[in-house]
>>> print(open('final09.cif').read())   # mmCIF, C-alpha atoms
data_protein
#
loop_
_atom_site.label_atom_id
_atom_site.label_comp_id
_atom_site.auth_asym_id
_atom_site.auth_seq_id
_atom_site.Cartn_x
_atom_site.Cartn_y
_atom_site.Cartn_z
CA MET A 1 145.20 7.19 95.60
CA LYS A 2 146.89 9.84 97.71
CA LYS A 3 146.28 9.74 101.47
CA SER A 4 144.56 12.81 102.86
CA ILE A 5 145.64 15.32 105.49
CA GLY A 6 143.18 17.61 107.26
CA ILE A 7 144.88 20.82 108.36
CA ASP A 8 143.49 23.23 110.93
CA MET A 9 143.72 27.00 110.41
CA ASP A 10 144.01 28.98 113.68
CA GLY A 11 147.17 28.02 115.53
CA VAL A 12 148.40 25.81 112.67
CA LEU A 13 148.24 27.70 109.34
CA ALA A 14 147.58 31.05 111.00
CA ASP A 15 149.65 32.46 113.86
CA ILE A 16 146.83 33.38 116.21
CA GLU A 17 149.02 33.85 119.30
CA SER A 18 151.13 36.62 117.78
CA HIS A 19 147.99 38.23 116.32
CA LEU A 20 146.28 38.28 119.72
CA LEU A 21 149.39 39.80 121.32
CA THR A 22 149.50 42.50 118.62
CA TRP A 23 145.80 43.35 118.97
CA TYR A 24 146.02 43.37 122.77
CA GLU A 25 148.93 45.80 122.68
CA GLN A 26 147.10 48.06 120.21
CA GLU A 27 143.88 48.04 122.23
CA TYR A 28 145.23 48.02 125.80
CA GLY A 29 148.73 49.51 125.38
CA LEU A 30 150.25 46.48 127.13
CA LYS A 31 153.01 44.48 125.43
CA LEU A 32 152.96 40.84 126.52
CA GLY A 33 155.02 37.79 125.49
CA ALA A 34 153.94 34.40 124.08
CA ASP A 35 154.68 32.80 127.47
CA ILE A 36 151.31 34.05 128.74
CA PHE A 37 149.65 31.29 126.65
CA LEU A 38 151.52 28.39 128.31
CA GLY A 39 149.10 25.86 129.72
CA VAL A 40 145.99 28.07 129.58
CA LYS A 41 143.19 28.75 127.12
CA GLU A 42 143.92 31.73 124.88
CA SER A 43 140.90 33.58 126.28
CA GLU A 44 142.25 33.22 129.83
CA ALA A 45 145.81 34.26 129.01
CA PHE A 46 145.21 38.03 129.05
CA PRO A 47 144.54 40.32 132.04
CA ASP A 48 141.19 41.29 130.46
CA LYS A 49 139.39 37.94 130.05
CA GLU A 50 136.89 39.49 127.61
CA ALA A 51 139.54 40.67 125.15
CA VAL A 52 139.85 37.53 123.01
CA TRP A 53 136.08 37.15 122.67
CA LYS A 54 135.89 40.80 121.59
CA PHE A 55 138.73 40.42 119.06
CA VAL A 56 137.40 37.24 117.39
CA ASN A 57 134.05 38.96 116.92
CA THR A 58 135.61 42.07 115.38
CA PRO A 59 135.42 42.34 111.58
CA GLY A 60 138.90 42.01 110.11
CA PHE A 61 140.42 39.90 112.87
CA PHE A 62 140.53 36.63 110.91
CA ARG A 63 141.25 38.33 107.59
CA THR A 64 144.48 39.89 108.89
CA LEU A 65 145.99 36.90 110.71
CA PRO A 66 149.69 36.39 109.95
CA VAL A 67 150.62 33.11 108.27
CA MET A 68 152.45 30.62 110.52
CA GLU A 69 156.17 30.54 109.70
CA GLY A 70 156.96 28.05 106.95
CA ALA A 71 153.33 27.02 106.43
CA VAL A 72 152.90 28.01 102.77
CA ALA A 73 156.03 26.25 101.50
CA ALA A 74 155.36 23.18 103.65
CA VAL A 75 151.73 22.76 102.57
CA LYS A 76 152.77 23.21 98.95
CA GLU A 77 155.35 20.43 99.38
CA LEU A 78 152.89 18.14 101.20
CA ALA A 79 150.35 18.64 98.41
CA GLU A 80 152.69 16.75 96.05
CA ASP A 81 152.23 13.53 98.04
CA TYR A 82 148.96 14.05 99.91
CA GLU A 83 145.44 15.33 99.24
CA ILE A 84 145.24 18.42 101.43
CA TYR A 85 142.00 19.54 103.11
CA ILE A 86 141.70 22.67 105.21
CA VAL A 87 139.41 21.86 108.15
CA SER A 88 138.46 24.81 110.33
CA ALA A 89 135.92 24.98 113.16
CA ALA A 90 134.84 28.36 111.81
CA MET A 91 131.11 27.91 112.37
CA GLU A 92 131.18 29.38 115.89
CA PHE A 93 132.10 32.78 114.47
CA PRO A 94 129.83 33.60 111.52
CA LEU A 95 131.86 36.68 110.62
CA SER A 96 134.96 34.57 110.22
CA LEU A 97 133.50 32.42 107.42
CA PHE A 98 133.97 34.87 104.56
CA GLU A 99 137.22 36.24 106.02
CA LYS A 100 138.77 32.78 106.37
CA ARG A 101 137.76 31.91 102.81
CA GLU A 102 139.41 35.12 101.54
CA TRP A 103 142.47 34.58 103.72
CA LEU A 104 142.97 31.12 102.22
CA ALA A 105 142.50 32.47 98.69
CA GLU A 106 145.22 35.05 99.37
CA HIS A 107 147.82 32.94 101.17
CA PHE A 108 147.06 29.42 99.87
CA PRO A 109 145.72 30.03 96.35
CA PHE A 110 146.84 26.54 95.32
CA ILE A 111 144.20 24.98 97.63
CA SER A 112 140.95 24.47 95.71
CA TRP A 113 137.63 25.59 97.26
CA LYS A 114 136.66 21.91 96.94
CA ASN A 115 139.23 21.09 99.61
CA ILE A 116 138.03 23.56 102.25
CA ILE A 117 135.73 22.53 105.09
CA PHE A 118 134.28 24.91 107.66
CA CYS A 119 132.48 23.07 110.43
CA GLY A 120 131.61 23.00 114.10
CA ASP A 121 132.52 19.51 115.21
CA LYS A 122 135.46 17.93 113.32
CA SER A 123 134.69 14.33 114.35
CA LEU A 124 132.61 13.83 111.19
CA ILE A 125 135.46 14.68 108.81
CA LYS A 126 137.36 11.61 107.74
CA THR A 127 140.91 12.36 106.61
CA ASP A 128 143.84 9.96 107.03
CA TYR A 129 145.72 12.51 109.14
CA LEU A 130 144.61 15.56 111.09
CA ILE A 131 147.05 18.32 112.07
CA ASP A 132 145.46 20.43 114.78
CA ASP A 133 146.33 22.24 118.01
CA HIS A 134 143.22 21.20 119.98
CA CYS A 135 142.64 17.91 121.84
CA LYS A 136 138.88 18.37 121.35
CA ASN A 137 139.50 17.83 117.63
CA LEU A 138 142.36 15.34 117.75
CA ASP A 139 140.88 13.01 120.39
CA HIS A 140 137.91 12.03 118.23
CA CYS A 141 139.27 12.17 114.70
CA THR A 142 139.08 9.05 112.55
CA GLY A 143 142.59 9.41 111.11
CA LYS A 144 146.01 9.73 112.73
CA PRO A 145 146.09 12.78 115.02
CA ILE A 146 149.11 15.10 114.94
CA MET A 147 149.30 17.84 117.55
CA PHE A 148 150.74 21.17 116.43
CA THR A 149 152.33 22.91 119.39
CA ALA A 150 150.56 25.93 120.83
CA GLY A 151 150.87 27.48 124.27
CA HIS A 152 147.51 26.12 125.39
CA ASN A 153 148.38 22.49 124.53
CA THR A 154 151.83 22.43 126.20
CA ASN A 155 150.75 19.99 128.91
CA HIS A 156 149.02 17.46 126.65
CA THR A 157 151.20 14.47 125.89
CA HIS A 158 148.91 11.82 124.39
CA HIS A 159 149.36 12.74 120.71
CA ILE A 160 152.35 12.81 118.36
CA ARG A 161 153.63 16.38 118.57
CA VAL A 162 155.15 18.71 115.98
CA ASN A 163 156.56 22.07 117.02
CA ASN A 164 156.65 23.79 113.64
CA TRP A 165 156.12 23.22 109.92
CA LYS A 166 159.65 21.89 109.46
CA GLU A 167 158.79 19.08 111.85
CA VAL A 168 155.49 18.43 110.03
CA LEU A 169 157.43 17.89 106.79
CA ALA A 170 159.93 15.57 108.47
CA LEU A 171 157.14 13.54 110.10
CA MET A 172 155.07 13.20 106.93
CA LYS A 173 158.14 12.22 104.93
CA ALA A 174 158.81 9.45 107.46
CA GLN A 175 155.14 8.38 107.24
CA LYS A 176 155.40 8.20 103.47
CA TYR A 177 158.43 5.93 103.59
CA SER A 178 156.92 3.66 106.23
CA GLU A 179 153.72 3.36 104.17
CA ALA A 180 155.73 2.54 101.04
CA GLU A 181 157.60 -0.15 103.00
CA THR A 182 154.37 -1.63 104.31
CA GLN A 183 153.01 -1.80 100.78
CA GLU A 184 156.19 -3.49 99.55
CA LEU A 185 155.96 -6.09 102.31
CA ALA A 186 152.29 -6.78 101.62
CA MET B 1 124.10 6.55 120.13
CA LYS B 2 121.81 8.23 117.61
CA LYS B 3 122.50 7.62 113.93
CA SER B 4 123.37 10.72 111.95
CA ILE B 5 121.73 12.33 108.93
CA GLY B 6 123.53 14.84 106.73
CA ILE B 7 121.06 17.22 105.09
CA ASP B 8 121.82 19.41 102.09
CA MET B 9 120.56 23.01 101.93
CA ASP B 10 119.84 24.21 98.36
CA GLY B 11 117.10 22.11 96.79
CA VAL B 12 116.42 20.23 100.05
CA LEU B 13 115.99 22.65 102.97
CA ALA B 14 115.76 25.69 100.71
CA ASP B 15 113.46 25.93 97.68
CA ILE B 16 116.00 27.15 95.15
CA GLU B 17 113.82 26.44 92.08
CA SER B 18 111.01 28.77 93.11
CA HIS B 19 113.56 31.40 94.20
CA LEU B 20 115.27 31.29 90.79
CA LEU B 21 111.91 31.61 89.03
CA THR B 22 111.02 34.62 91.18
CA TRP B 23 114.36 36.34 90.59
CA TYR B 24 114.23 35.62 86.87
CA GLU B 25 110.79 37.15 86.58
CA GLN B 26 111.89 40.21 88.56
CA GLU B 27 115.04 40.70 86.49
CA TYR B 28 113.82 39.68 83.01
CA GLY B 29 110.04 40.22 83.25
CA LEU B 30 109.44 36.63 82.12
CA LYS B 31 107.28 34.32 84.22
CA LEU B 32 108.35 30.68 83.81
CA GLY B 33 107.17 27.43 85.44
CA ALA B 34 109.06 24.76 87.40
CA ASP B 35 108.85 22.44 84.38
CA ILE B 36 111.82 24.29 82.83
CA PHE B 37 114.08 22.51 85.34
CA LEU B 38 113.11 18.97 84.28
CA GLY B 39 116.17 16.96 83.31
CA VAL B 40 118.55 19.91 82.94
CA LYS B 41 121.01 21.76 85.16
CA GLU B 42 119.46 24.79 86.86
CA SER B 43 121.89 27.08 85.07
CA GLU B 44 120.77 25.74 81.68
CA ALA B 45 117.04 25.93 82.37
CA PHE B 46 116.61 29.65 81.64
CA PRO B 47 116.71 31.44 78.27
CA ASP B 48 119.64 33.55 79.56
CA LYS B 49 122.26 30.95 80.53
CA GLU B 50 124.20 33.53 82.57
CA ALA B 51 121.25 34.38 84.85
CA VAL B 52 121.76 31.70 87.53
CA TRP B 53 125.48 32.43 87.83
CA LYS B 54 124.66 36.14 88.22
CA PHE B 55 121.98 35.47 90.86
CA VAL B 56 124.05 33.13 93.05
CA ASN B 57 126.80 35.73 93.10
CA THR B 58 124.43 38.55 94.08
CA PRO B 59 124.45 39.55 97.78
CA GLY B 60 121.16 38.56 99.37
CA PHE B 61 120.31 35.65 97.07
CA PHE B 62 121.04 32.87 99.59
CA ARG B 63 119.82 34.90 102.59
CA THR B 64 116.32 35.28 101.10
CA LEU B 65 115.70 31.71 99.89
CA PRO B 66 112.27 30.38 100.83
CA VAL B 67 112.21 27.33 103.10
CA MET B 68 111.17 24.08 101.39
CA GLU B 69 107.61 23.15 102.30
CA GLY B 70 107.43 21.09 105.47
CA ALA B 71 111.20 21.17 106.08
CA VAL B 72 111.26 22.89 109.48
CA ALA B 73 108.68 20.62 111.14
CA ALA B 74 110.20 17.50 109.57
CA VAL B 75 113.79 18.27 110.61
CA LYS B 76 112.58 19.08 114.12
CA GLU B 77 110.87 15.69 114.27
CA LEU B 78 113.87 13.84 112.82
CA ALA B 79 116.12 15.50 115.41
CA GLU B 80 114.33 13.51 118.13
CA ASP B 81 115.68 10.23 116.76
CA TYR B 82 118.72 11.26 114.73
CA GLU B 83 121.75 13.52 115.07
CA ILE B 84 121.18 16.12 112.35
CA TYR B 85 124.03 17.74 110.42
CA ILE B 86 123.54 20.39 107.77
CA VAL B 87 126.03 19.71 104.98
CA SER B 88 126.20 22.37 102.28
CA ALA B 89 128.68 22.70 99.40
CA ALA B 90 128.78 26.43 100.08
CA MET B 91 132.49 26.90 99.52
CA GLU B 92 132.14 27.66 95.79
CA PHE B 93 130.29 30.88 96.60
CA PRO B 94 132.18 32.79 99.29
CA LEU B 95 129.37 35.32 99.65
CA SER B 96 126.94 32.55 100.53
CA LEU B 97 128.86 31.43 103.62
CA PHE B 98 127.68 34.14 106.00
CA GLU B 99 124.21 34.28 104.41
CA LYS B 100 123.66 30.54 104.73
CA ARG B 101 124.79 30.63 108.37
CA GLU B 102 122.31 33.46 109.06
CA TRP B 103 119.55 31.74 107.10
CA LEU B 104 119.96 28.59 109.21
CA ALA B 105 119.95 30.64 112.43
CA GLU B 106 116.66 32.23 111.35
CA HIS B 107 114.78 29.20 110.04
CA PHE B 108 116.43 26.30 111.92
CA PRO B 109 117.47 27.89 115.23
CA PHE B 110 117.30 24.47 116.92
CA ILE B 111 120.32 23.29 114.87
CA SER B 112 123.54 24.02 116.78
CA TRP B 113 126.48 25.69 114.96
CA LYS B 114 128.40 22.55 115.93
CA ASN B 115 126.20 20.59 113.51
CA ILE B 116 126.75 22.77 110.44
CA ILE B 117 129.32 21.90 107.78
CA PHE B 118 130.14 24.08 104.77
CA CYS B 119 132.43 22.31 102.35
CA GLY B 120 133.37 21.82 98.73
CA ASP B 121 133.46 18.06 98.29
CA LYS B 122 131.02 16.12 100.53
CA SER B 123 132.74 12.75 100.14
CA LEU B 124 134.81 13.39 103.28
CA ILE B 125 131.78 13.87 105.53
CA LYS B 126 130.76 10.65 107.19
CA THR B 127 127.11 10.60 108.26
CA ASP B 128 124.94 7.46 108.37
CA TYR B 129 122.50 8.99 105.86
CA LEU B 130 122.79 11.82 103.35
CA ILE B 131 119.73 13.59 101.96
CA ASP B 132 120.76 15.53 98.87
CA ASP B 133 119.52 16.42 95.40
CA HIS B 134 122.82 15.91 93.58
CA CYS B 135 124.32 12.63 92.33
CA LYS B 136 127.80 14.16 92.63
CA ASN B 137 127.27 14.17 96.40
CA LEU B 138 125.17 11.00 96.81
CA ASP B 139 127.29 8.73 94.60
CA HIS B 140 130.36 8.97 96.82
CA CYS B 141 128.93 9.39 100.31
CA THR B 142 129.91 6.88 102.98
CA GLY B 143 126.39 6.55 104.41
CA LYS B 144 123.05 5.64 102.86
CA PRO B 145 122.21 8.07 100.04
CA ILE B 146 118.67 9.47 99.78
CA MET B 147 117.83 11.53 96.71
CA PHE B 148 115.51 14.51 97.26
CA THR B 149 113.58 15.18 94.06
CA ALA B 150 114.52 18.25 92.05
CA GLY B 151 113.88 19.02 88.40
CA HIS B 152 117.51 18.44 87.46
CA ASN B 153 117.63 14.91 88.98
CA THR B 154 114.37 13.62 87.45
CA ASN B 155 116.12 11.13 85.20
CA HIS B 156 118.41 9.60 87.82
CA THR B 157 117.10 6.33 89.19
CA HIS B 158 119.98 4.71 91.08
CA HIS B 159 119.21 6.13 94.55
CA ILE B 160 116.24 5.82 96.92
CA ARG B 161 114.07 8.82 96.09
CA VAL B 162 111.92 11.08 98.26
CA ASN B 163 109.67 13.69 96.66
CA ASN B 164 109.03 15.91 99.68
CA TRP B 165 109.61 16.20 103.42
CA LYS B 166 106.56 14.06 104.23
CA GLU B 167 108.20 11.20 102.35
CA VAL B 168 111.50 11.80 104.18
CA LEU B 169 109.71 11.37 107.50
CA ALA B 170 107.96 8.19 106.34
CA LEU B 171 111.22 6.72 105.04
CA MET B 172 113.23 7.54 108.15
CA LYS B 173 110.51 6.15 110.40
CA ALA B 174 110.65 2.90 108.42
CA GLN B 175 114.46 2.91 108.73
CA LYS B 176 114.18 3.36 112.48
CA TYR B 177 111.87 0.36 112.85
CA SER B 178 113.99 -1.86 110.63
CA GLU B 179 117.10 -0.91 112.64
CA ALA B 180 115.30 -1.66 115.91
CA GLU B 181 114.27 -5.05 114.54
CA THR B 182 117.80 -5.83 113.41
CA GLN B 183 119.09 -4.99 116.88
CA GLU B 184 116.45 -7.20 118.50
CA LEU B 185 117.38 -10.10 116.24
CA ALA B 186 121.10 -9.68 116.95
#
>>> encode(input="final09.cif", output="structure tokens")
Amino acid sequence: MKKSIGIDMDGVLADIESHLLTWYEQEYGLKLGADIFLGVKESEAFPDKEAVWKFVNTPGFFRTLPVMEGAVAAVKELAEDYEIYIVSAAMEFPLSLFEKREWLAEHFPFISWKNIIFCGDKSLIKTDYLIDDHCKNLDHCTGKPIMFTAGHNTNHTHHIRVNNWKEVLALMKAQKYSEAETQELA
Amino acid sequence: MKKSIGIDMDGVLADIESHLLTWYEQEYGLKLGADIFLGVKESEAFPDKEAVWKFVNTPGFFRTLPVMEGAVAAVKELAEDYEIYIVSAAMEFPLSLFEKREWLAEHFPFISWKNIIFCGDKSLIKTDYLIDDHCKNLDHCTGKPIMFTAGHNTNHTHHIRVNNWKEVLALMKAQKYSEAETQELA
């Protein structure tokens, strides 16, 4: 049986930082760089602290998120060796539910609806691995936590870190070999 | 720490049988009784086999479902002793996602968004108990399965069965006492 990987959406499959910067520039006429996110919550990174809350509650925001660089090809490759589940804490934003489902159907059509989970708290979802950008999800997951780099998590050092999808592939390939070795030894 | 109960929506919190009968009568002018559901899939219970598929894909269908008799009071009572999670296989019907979230906010406002899970396959959700009307969910759950009676599951006998919310309360009260006793003995 294949091992399972839970994969987060915002900040992992979807490039939320660049989307927020684009929307902020369009709305406020102020062009900012990704360095504003370093070490702070996304909502606190902008001069107007209400902006992010406003954006995530605007119809269309989640539907138009750009895909994280390399994510589609990497997830497709991982799906050969692992059972892939998309695990998104979408429940906080009711409007995002339909948009996220449509977004996945457009960009990741090879992921079945059976493998999508929208929840509030991720601690109940038992996958063998969880790739996420938030400690609140990784700290309490039942599987092996893998932290995907985002500005806001720069200062957290207690999880294995990957900086991009290339590094995810390299890590999971190494995991696969070490598991195969363990099985051989057993 | 409280034990957790996963609770299904359609056929458990929401009275889908009566809703289907109402919609069928409105659309086809044919009044049928709940006995049509006995031992068959809901979609196969009606003379027009396409009707259910059409209804569940019609905007408003999930938003207007009647609440199952006694469900609100019972879930409120259970929430005193158990951590309640709503676990719905909503992912198959993208339109239902927002409607189900709104429906829960209206009828079960005391359930936090953090405790709602919309998924495809429920086998990944680890609660201590799962109350559901479908074998496909109960057979592979990690916790104790509890089958909520529906026409379609009449002939299945391999799970503990409850016929209504009064029986759920009685069963869970008995579980609570037996757990307390076990802890005392330990």
>>> closest_atom_pairs(input="final09.cif", of="chain B", to="chain A", cutoff="10 Å", atoms="only C-alpha atoms", output="tab-separated table")
residue	atom	partner	partner_atom	distance
B:Ser4	CA	A:Leu124	CA	9.8
B:Tyr85	CA	A:Leu124	CA	9.5
B:Ile86	CA	A:Cys119	CA	9.7
B:Val87	CA	A:Cys119	CA	9.1
B:Ser88	CA	A:Ile117	CA	9.9
B:Ala89	CA	A:Lys114	CA	8.4
B:Ala90	CA	A:Trp113	CA	9.3
B:Met91	CA	A:Trp113	CA	5.8
B:Glu92	CA	A:Trp113	CA	6.0
B:Phe93	CA	A:Trp113	CA	9.1
B:Pro94	CA	A:Phe98	CA	5.9
B:Leu95	CA	A:Phe98	CA	6.7
B:Ser96	CA	A:Phe98	CA	8.4
B:Leu97	CA	A:Leu97	CA	6.1
B:Phe98	CA	A:Pro94	CA	5.9
B:Glu99	CA	A:Pro94	CA	9.1
B:Lys100	CA	A:Pro94	CA	9.7
B:Arg101	CA	A:Pro94	CA	6.6
B:Glu102	CA	A:Pro94	CA	7.9
B:Ser112	CA	A:Gly120	CA	8.6
B:Trp113	CA	A:Met91	CA	5.8
B:Lys114	CA	A:Gly120	CA	3.7
B:Asn115	CA	A:Gly120	CA	6.0
B:Ile116	CA	A:Cys119	CA	5.7
B:Ile117	CA	A:Cys119	CA	4.3
B:Phe118	CA	A:Phe118	CA	5.1
B:Cys119	CA	A:Ile117	CA	4.3
B:Gly120	CA	A:Lys114	CA	3.7
B:Asp121	CA	A:Lys114	CA	5.2
B:Lys122	CA	A:Lys114	CA	8.8
B:Ser123	CA	A:Lys126	CA	9.0
B:Leu124	CA	A:Lys126	CA	5.4
B:Ile125	CA	A:Ile125	CA	5.0
B:Lys126	CA	A:Leu124	CA	5.4
B:Thr127	CA	A:Leu124	CA	7.0
>>> atom_distance(input="final09.cif", atom1="CA of His107 in chain A", atom2="CA of Lys3 in chain A")
23.3 Å
>>> resolve_selection(input="final09.cif", expression="the PyMOL selection byres ((chain B and resi 43) around 12)", output="PyMOL selection string")
chain B and resi 16-17+20-21+24+36-42+44-56+151-152
>>> residues_near_point(input="final09.cif", point="(126.0, 14.3, 95.3)", cutoff="12 Å", atoms="all atoms listed in the file", output="PyMOL selection string")
chain B and resi 6-8+11+87-89+120-125+130-148+153+156+159
>>> resolve_selection(input="final09.cif", expression="the PyMOL selection byres ((chain A and resi 172) around 12)", output="mmCIF file with C-alpha atoms, in the coordinates of the input")
data_model
loop_
_atom_site.group_PDB
_atom_site.id
_atom_site.type_symbol
_atom_site.label_atom_id
_atom_site.label_comp_id
_atom_site.auth_asym_id
_atom_site.auth_seq_id
_atom_site.Cartn_x
_atom_site.Cartn_y
_atom_site.Cartn_z
ATOM 1 C CA LYS A 3 146.280 9.740 101.470
ATOM 2 C CA SER A 4 144.560 12.810 102.860
ATOM 3 C CA ILE A 5 145.640 15.320 105.490
ATOM 4 C CA ALA A 74 155.360 23.180 103.650
ATOM 5 C CA VAL A 75 151.730 22.760 102.570
ATOM 6 C CA GLU A 77 155.350 20.430 99.380
ATOM 7 C CA LEU A 78 152.890 18.140 101.200
ATOM 8 C CA ALA A 79 150.350 18.640 98.410
ATOM 9 C CA GLU A 80 152.690 16.750 96.050
ATOM 10 C CA ASP A 81 152.230 13.530 98.040
ATOM 11 C CA TYR A 82 148.960 14.050 99.910
ATOM 12 C CA ASP A 128 143.840 9.960 107.030
ATOM 13 C CA TYR A 129 145.720 12.510 109.140
ATOM 14 C CA LEU A 130 144.610 15.560 111.090
ATOM 15 C CA ILE A 131 147.050 18.320 112.070
ATOM 16 C CA LYS A 144 146.010 9.730 112.730
ATOM 17 C CA ILE A 146 149.110 15.100 114.940
ATOM 18 C CA ILE A 160 152.350 12.810 118.360
ATOM 19 C CA VAL A 162 155.150 18.710 115.980
ATOM 20 C CA TRP A 165 156.120 23.220 109.920
ATOM 21 C CA LYS A 166 159.650 21.890 109.460
ATOM 22 C CA GLU A 167 158.790 19.080 111.850
ATOM 23 C CA VAL A 168 155.490 18.430 110.030
ATOM 24 C CA LEU A 169 157.430 17.890 106.790
ATOM 25 C CA ALA A 170 159.930 15.570 108.470
ATOM 26 C CA LEU A 171 157.140 13.540 110.100
ATOM 27 C CA LYS A 173 158.140 12.220 104.930
ATOM 28 C CA ALA A 174 158.810 9.450 107.460
ATOM 29 C CA GLN A 175 155.140 8.380 107.240
ATOM 30 C CA LYS A 176 155.400 8.200 103.470
ATOM 31 C CA TYR A 177 158.430 5.930 103.590
ATOM 32 C CA SER A 178 156.920 3.660 106.230
ATOM 33 C CA GLU A 179 153.720 3.360 104.170
#
>>> atom_distance(input="final09.cif", atom1="CA of Gly33 in chain A", atom2="CA of Phe108 in chain A")
28.1 Å
>>> decode(input="final09.cif", residues="range 2-14 of chain A", atoms="C-alpha atoms", output="PDB file, in the first residue's frame")
ATOM      1  CA  LYS A   2       1.281   3.446  -0.907  1.00  0.00           C
ATOM      2  CA  LYS A   3       2.108   5.825   1.946  1.00  0.00           C
ATOM      3  CA  SER A   4       0.027   8.986   2.006  1.00  0.00           C
ATOM      4  CA  ILE A   5       1.003  12.644   1.822  1.00  0.00           C
ATOM      5  CA  GLY A   6      -1.309  15.435   2.938  1.00  0.00           C
ATOM      6  CA  ILE A   7      -0.571  18.636   1.028  1.00  0.00           C
ATOM      7  CA  ASP A   8      -1.720  22.090   2.090  1.00  0.00           C
ATOM      8  CA  MET A   9      -3.028  24.590  -0.479  1.00  0.00           C
ATOM      9  CA  ASP A  10      -2.319  28.244   0.448  1.00  0.00           C
ATOM     10  CA  GLY A  11       1.415  28.855   0.650  1.00  0.00           C
ATOM     11  CA  VAL A  12       2.246  25.354  -0.634  1.00  0.00           C
ATOM     12  CA  LEU A  13       0.281  24.574  -3.825  1.00  0.00           C
ATOM     13  CA  ALA A  14      -0.882  28.166  -4.267  1.00  0.00           C
TER      14      ALA A  14
END
